[in-house]
Amino acid sequence: KAKEAGRARMTLYDPSMDADREQRNALELDLRIAIESGDLTLAYQPLVDAATQALTGVEALVRWNRPGHGPVSPEVFIPIAETSGLIESLGLFVLRKACETAKQWPELNVSVNVSPGQFRNPAFTDYVRYVLKQTEIEASRITLEITEGYMIQNPQRTRQSIERLKGLGVKVALDDFGSGFSSIGYLRQFGFDRIKIDRSLVMGVNEDKRQREMLQATVALARSLDIPVTAEGIETEGQAVAMRLFGCDCLQGYLFGKPMVAEQITDMLNELRAAEPSTRRRLGAA
Ligand code: C2E
Ligand code: MG
Ligand code: MG
Ligand code: MG
């Protein structure tokens with residue numbers, strides 16, 4: 001008891017907490033400036049067909065090179081954007097930029113991450129509709145990726161939001177499946193167009209027998225519900241072979257390409273377009 005009280009007091013008066021808060025505030029301020037002055041950029045990571053390894057789409061991933069500090073991971077600044085009210089303008093930037101850029105790649109699908117803070121906003125569907133109209137992108141080429149955190153707390157509202165979004169013609173995917181509390185039971189009830197198996201599960205596919213079996217069962221179950229499955233974080237041929245064997249139709253990971261600037265995706269496409277017809281036929285939507 002005494003020990004506990006001591007610990008509590010230490011936490012209360014810990015001066016390093018002030019330092020933490022100060023650092024966080026500075027980061028938040030810099031992020032606000034970055035959003036306002038258009039200093040965020042997008043990287044695009046290839047998504048490939050599991051059978052042919054043809055490029056079928058890209059996932060847009062936000063990047064921030066913080067002045068005087070270097071690159072900051074989205075895993076660090078997205079949660080800060082969420083709690084500081086910046087997520088809406090950040091999300092709007094990402095969606096608009098991804099849709100604009102995607103117009104140069106008519107044969108590709110484009111996935112955009114949506115965080116719970118955006119998804120929770122009742123106006124979210126309206127702004128997706130607005131961006132689709134403004135950028136004149138074909139809605140069916142856009143996939144919005146959401147994680148499960150929020151949906152478990154608000155299943156009813158989540159279902160409605162997903163329905164409204166699908167009504168716009170966009171697709172909705174469940175991201176990072178298997179990393180948290182996701183239940184396979186949710187898959188059917190929410191009407192996801194796709195699930196993405198989290199990298200933490202894919203990593204051990206050829207090392208851990210039980211993990212392999214669980215993965216196999218998960219993909220099989222999704223497929224029995226007619227939901228296509230993407231495996232993320234593929235780094236080795238062995239992982240690619242296994243995930244394809246289990247029934248994933250789409251693969252993503254460093255093996256096929258790291259997140260890259262838009263020009264590099266354009267170059268990849270130009271190479272494929274210039275290639276002989278037999279290769280060209282392997283191009284995703286063509
Ligand atoms: P995510 O949506 O699951 O994106 C996949 C992450 O895994 C990306 O990290 C990607 O670079 C990384 N990755 C892909 N393949 C491999 C691989 O083979 N090996 C390894 N080690 N990593 C791989 P990133 O770009 O750092 O993004 C992290 C997370 O931040 C994303 O996870 C997503 O949840 C969030 N995020 C990124 N961009 C956005 C955005 O524009 N909006 C929102 N709301 N969240 C975003
Ligand atoms: Mg994602
Ligand atoms: Mg993911
Ligand atoms: Mg992730």
# chains A, B, ... in the order shown; residues from 1 in each chain; ligands from 1

call {"tool": "residues_around", "arguments": {"residues": "Ala222 in chain A", "least_positions_apart": "5", "cutoff": "8 Å", "atoms": "only C-alpha atoms", "output": "list in words"}}
result
Ile184, Leu187, Ile195, Ile227, Pro228 and Val229 of chain A

call {"tool": "write_last_selection", "arguments": {"atoms": "N, CA, C and O atoms", "output": "tab-separated table (two decimals), in the first residue's frame"}}
result
chain	number	residue	atom	x	y	z
A	184	ILE	N	-14.20	-12.58	-36.16
A	184	ILE	CA	-14.60	-12.95	-37.50
A	184	ILE	C	-16.11	-12.76	-37.68
A	184	ILE	O	-16.60	-12.50	-38.77
A	187	LEU	N	-17.30	-9.63	-39.47
A	187	LEU	CA	-17.03	-9.44	-40.89
A	187	LEU	C	-18.30	-9.40	-41.71
A	187	LEU	O	-18.51	-8.53	-42.53
A	195	ILE	N	-10.88	-7.74	-46.39
A	195	ILE	CA	-10.14	-7.61	-45.14
A	195	ILE	C	-8.64	-7.69	-45.41
A	195	ILE	O	-8.21	-8.34	-46.37
A	227	ILE	N	-15.63	-12.76	-48.87
A	227	ILE	CA	-14.88	-11.52	-48.68
A	227	ILE	C	-13.43	-11.76	-49.11
A	227	ILE	O	-12.76	-12.63	-48.56
A	228	PRO	N	-12.97	-11.00	-50.11
A	228	PRO	CA	-11.58	-11.16	-50.54
A	228	PRO	C	-10.59	-10.67	-49.48
A	228	PRO	O	-10.91	-9.79	-48.67
A	229	VAL	N	-9.41	-11.29	-49.46
A	229	VAL	CA	-8.44	-11.04	-48.40
A	229	VAL	C	-7.08	-10.59	-48.95
A	229	VAL	O	-6.54	-11.20	-49.87

call {"tool": "residues_near_ligand", "arguments": {"ligand": "ligand 2", "cutoff": "7 Å", "atoms": "only C-alpha atoms and all ligand atoms", "output": "number ranges by chain"}}
result
A: 59, 112-113, 145, 175

call {"tool": "residues_around", "arguments": {"residues": "Val110 in chain A", "least_positions_apart": "4", "cutoff": "9 Å", "atoms": "only C-alpha atoms", "output": "ChimeraX atom specification"}}
result
/A:44,57-60,98-99,102,141-144

call {"tool": "closest_residue", "arguments": {"among": "A:Lys97, A:Lys196, A:Lys171, A:Arg157", "to": "Ala43 in chain A", "atoms": "only C-alpha atoms"}}
result
A:Lys97

call {"tool": "residues_near_ligand", "arguments": {"ligand": "ligand 4", "cutoff": "8 Å", "atoms": "only C-alpha atoms and all ligand atoms", "output": "PyMOL selection string"}}
result
chain A and resi 175-176+198-199

call {"tool": "write_last_selection", "arguments": {"atoms": "N, CA, C and O atoms", "output": "tab-separated table (two decimals), in the first residue's frame"}}
result
chain	number	residue	atom	x	y	z
A	175	ASP	N	-8.92	-3.00	-41.98
A	175	ASP	CA	-7.46	-2.99	-41.95
A	175	ASP	C	-6.95	-3.67	-40.67
A	175	ASP	O	-7.66	-3.73	-39.67
A	176	ASP	N	-5.73	-4.17	-40.73
A	176	ASP	CA	-5.04	-4.72	-39.56
A	176	ASP	C	-5.82	-5.84	-38.88
A	176	ASP	O	-5.80	-5.96	-37.65
A	198	ASP	N	-3.22	-8.41	-40.78
A	198	ASP	CA	-2.15	-7.60	-40.22
A	198	ASP	C	-0.77	-8.25	-40.39
A	198	ASP	O	-0.63	-9.47	-40.31
A	199	ARG	N	0.19	-7.38	-40.60
A	199	ARG	CA	1.57	-7.83	-40.79
A	199	ARG	C	2.08	-8.69	-39.64
A	199	ARG	O	2.85	-9.64	-39.83

call {"tool": "closest_residue", "arguments": {"among": "A:Ser37, A:Gln216, A:Asn206, A:Ser115", "to": "ligand 1", "atoms": "only C-alpha atoms and all ligand atoms"}}
result
A:Ser115

call {"tool": "residues_near_ligand", "arguments": {"ligand": "ligand 1", "cutoff": "6 Å", "atoms": "only C-alpha atoms and all ligand atoms", "output": "list of chain:residue names"}}
result
A:Leu61, A:Val62, A:Ser73, A:Pro74, A:Glu75, A:Val94, A:Asn113, A:Val114, A:Ser115, A:Asp176, A:Glu232, A:Gly233, A:Ile234, A:Glu235, A:Gln252, A:Gly253, A:Tyr254, A:Pro259

call {"tool": "atom_distance", "arguments": {"atom1": "CA of Ser224 in chain A", "atom2": "CA of Arg194 in chain A"}}
result
12.7 Å

call {"tool": "select_by_dssp", "arguments": {"residues": "range 104-275 of chain A", "states": "strand (DSSP E)", "output": "count of residues only"}}
result
26

call {"tool": "closest_residue", "arguments": {"among": "A:Glu36, A:Glu138, A:Glu148, A:Asp193", "to": "ligand 3", "atoms": "only C-alpha atoms and all ligand atoms"}}
result
A:Glu148

call {"tool": "select_by_dssp", "arguments": {"residues": "range 4-227 of chain A", "states": "helix (DSSP H, G or I)", "output": "number ranges by chain"}}
result
A: 4-13, 15-36, 74-83, 87-102, 116-120, 124-135, 139-141, 149-153, 155-167, 184-190, 199-202, 209-224

call {"tool": "closest_residue", "arguments": {"among": "A:Gly180, A:Gly70, A:Pro15, A:Gly167", "to": "ligand 3", "atoms": "only C-alpha atoms and all ligand atoms"}}
result
A:Gly180

call {"tool": "residues_around", "arguments": {"residues": "Leu251 in chain A", "least_positions_apart": "5", "cutoff": "8 Å", "atoms": "only C-alpha atoms", "output": "list of chain:residue names"}}
result
A:Leu47, A:Val48, A:Asp49, A:Ala50, A:Thr230, A:Ala231, A:Glu232, A:Ile234, A:Ala240

call {"tool": "residues_around", "arguments": {"residues": "Thr83 in chain A", "least_positions_apart": "5", "cutoff": "10 Å", "atoms": "only C-alpha atoms", "output": "count of residues only"}}
result
3

call {"tool": "decode", "arguments": {"residues": "range 134-234 of chain A", "atoms": "C-alpha atoms", "output": "compact mmCIF listing (two decimals), in the first residue's frame"}}
result
# COMPACT_ATOMS: atom_id res chain seq x y z
CA GLN A 134 -14.50 17.56 -56.95
CA THR A 135 -11.78 15.24 -58.24
CA GLU A 136 -14.10 13.42 -60.67
CA ILE A 137 -12.64 10.08 -59.67
CA GLU A 138 -14.59 6.88 -60.26
CA ALA A 139 -15.84 5.94 -56.78
CA SER A 140 -15.40 2.19 -57.34
CA ARG A 141 -11.63 2.68 -57.62
CA ILE A 142 -11.40 3.97 -54.06
CA THR A 143 -11.12 1.73 -51.01
CA LEU A 144 -11.37 3.23 -47.54
CA GLU A 145 -9.46 1.23 -44.94
CA ILE A 146 -10.69 1.32 -41.37
CA THR A 147 -9.46 -0.41 -38.23
CA GLU A 148 -11.64 -2.20 -35.76
CA GLY A 149 -11.16 -0.12 -32.59
CA TYR A 150 -14.16 2.10 -33.02
CA MET A 151 -16.53 -0.40 -34.54
CA ILE A 152 -16.55 -2.67 -31.54
CA GLN A 153 -17.67 0.21 -29.33
CA ASN A 154 -20.30 1.44 -31.77
CA PRO A 155 -21.42 -1.48 -33.91
CA GLN A 156 -24.74 0.07 -34.82
CA ARG A 157 -23.31 3.39 -36.00
CA THR A 158 -20.43 1.67 -37.73
CA ARG A 159 -22.80 -0.44 -39.76
CA GLN A 160 -24.74 2.65 -40.81
CA SER A 161 -21.62 4.58 -41.76
CA ILE A 162 -20.32 1.70 -43.84
CA GLU A 163 -23.65 1.42 -45.60
CA ARG A 164 -23.69 5.13 -46.42
CA LEU A 165 -20.15 5.01 -47.74
CA LYS A 166 -20.90 1.99 -49.89
CA GLY A 167 -23.89 3.90 -51.16
CA LEU A 168 -21.42 6.37 -52.67
CA GLY A 169 -19.84 3.52 -54.60
CA VAL A 170 -16.56 3.36 -52.68
CA LYS A 171 -15.31 0.12 -51.15
CA VAL A 172 -14.66 -0.35 -47.46
CA ALA A 173 -11.92 -2.62 -46.10
CA LEU A 174 -11.14 -3.78 -42.58
CA ASP A 175 -7.46 -2.99 -41.95
CA ASP A 176 -5.04 -4.72 -39.56
CA PHE A 177 -7.29 -7.72 -39.07
CA GLY A 178 -6.04 -9.98 -36.31
CA SER A 179 -3.99 -7.32 -34.54
CA GLY A 180 -6.59 -6.48 -31.92
CA PHE A 181 -9.93 -7.79 -30.85
CA SER A 182 -11.38 -8.35 -34.29
CA SER A 183 -13.93 -11.07 -34.35
CA ILE A 184 -14.60 -12.95 -37.50
CA GLY A 185 -18.27 -12.60 -36.59
CA TYR A 186 -18.10 -8.90 -37.35
CA LEU A 187 -17.03 -9.44 -40.89
CA ARG A 188 -20.37 -10.46 -42.23
CA GLN A 189 -22.47 -8.08 -40.19
CA PHE A 190 -20.55 -4.97 -41.29
CA GLY A 191 -20.49 -5.69 -44.98
CA PHE A 192 -16.78 -5.16 -45.57
CA ASP A 193 -15.67 -5.48 -49.17
CA ARG A 194 -12.25 -6.77 -48.15
CA ILE A 195 -10.14 -7.61 -45.14
CA LYS A 196 -6.45 -7.00 -44.72
CA ILE A 197 -4.53 -9.43 -42.52
CA ASP A 198 -2.15 -7.60 -40.22
CA ARG A 199 1.57 -7.83 -40.79
CA SER A 200 2.15 -9.14 -37.25
CA LEU A 201 0.29 -12.33 -38.20
CA VAL A 202 1.77 -12.69 -41.68
CA MET A 203 5.30 -12.40 -40.27
CA GLY A 204 5.21 -15.73 -38.48
CA VAL A 205 3.40 -17.72 -41.14
CA ASN A 206 6.32 -20.04 -41.85
CA GLU A 207 7.75 -20.13 -38.35
CA ASP A 208 4.90 -20.93 -36.04
CA LYS A 209 2.66 -23.88 -36.79
CA ARG A 210 -0.29 -22.64 -34.74
CA GLN A 211 -0.09 -19.19 -36.23
CA ARG A 212 -0.03 -20.75 -39.67
CA GLU A 213 -3.13 -22.78 -38.92
CA MET A 214 -4.96 -19.83 -37.46
CA LEU A 215 -4.14 -17.70 -40.48
CA GLN A 216 -5.27 -20.42 -42.81
CA ALA A 217 -8.57 -20.77 -40.95
CA THR A 218 -9.10 -17.00 -40.90
CA VAL A 219 -8.61 -16.62 -44.63
CA ALA A 220 -10.81 -19.66 -45.29
CA LEU A 221 -13.60 -18.25 -43.14
CA ALA A 222 -13.47 -14.85 -44.85
CA ARG A 223 -13.59 -16.57 -48.19
CA SER A 224 -16.57 -18.64 -47.13
CA LEU A 225 -18.30 -15.28 -46.59
CA ASP A 226 -17.14 -14.24 -50.07
CA ILE A 227 -14.88 -11.52 -48.68
CA PRO A 228 -11.58 -11.16 -50.54
CA VAL A 229 -8.44 -11.04 -48.40
CA THR A 230 -5.20 -9.04 -48.68
CA ALA A 231 -2.07 -10.06 -46.79
CA GLU A 232 0.06 -7.11 -45.67
CA GLY A 233 3.71 -7.01 -44.71
CA ILE A 234 4.95 -9.65 -47.16
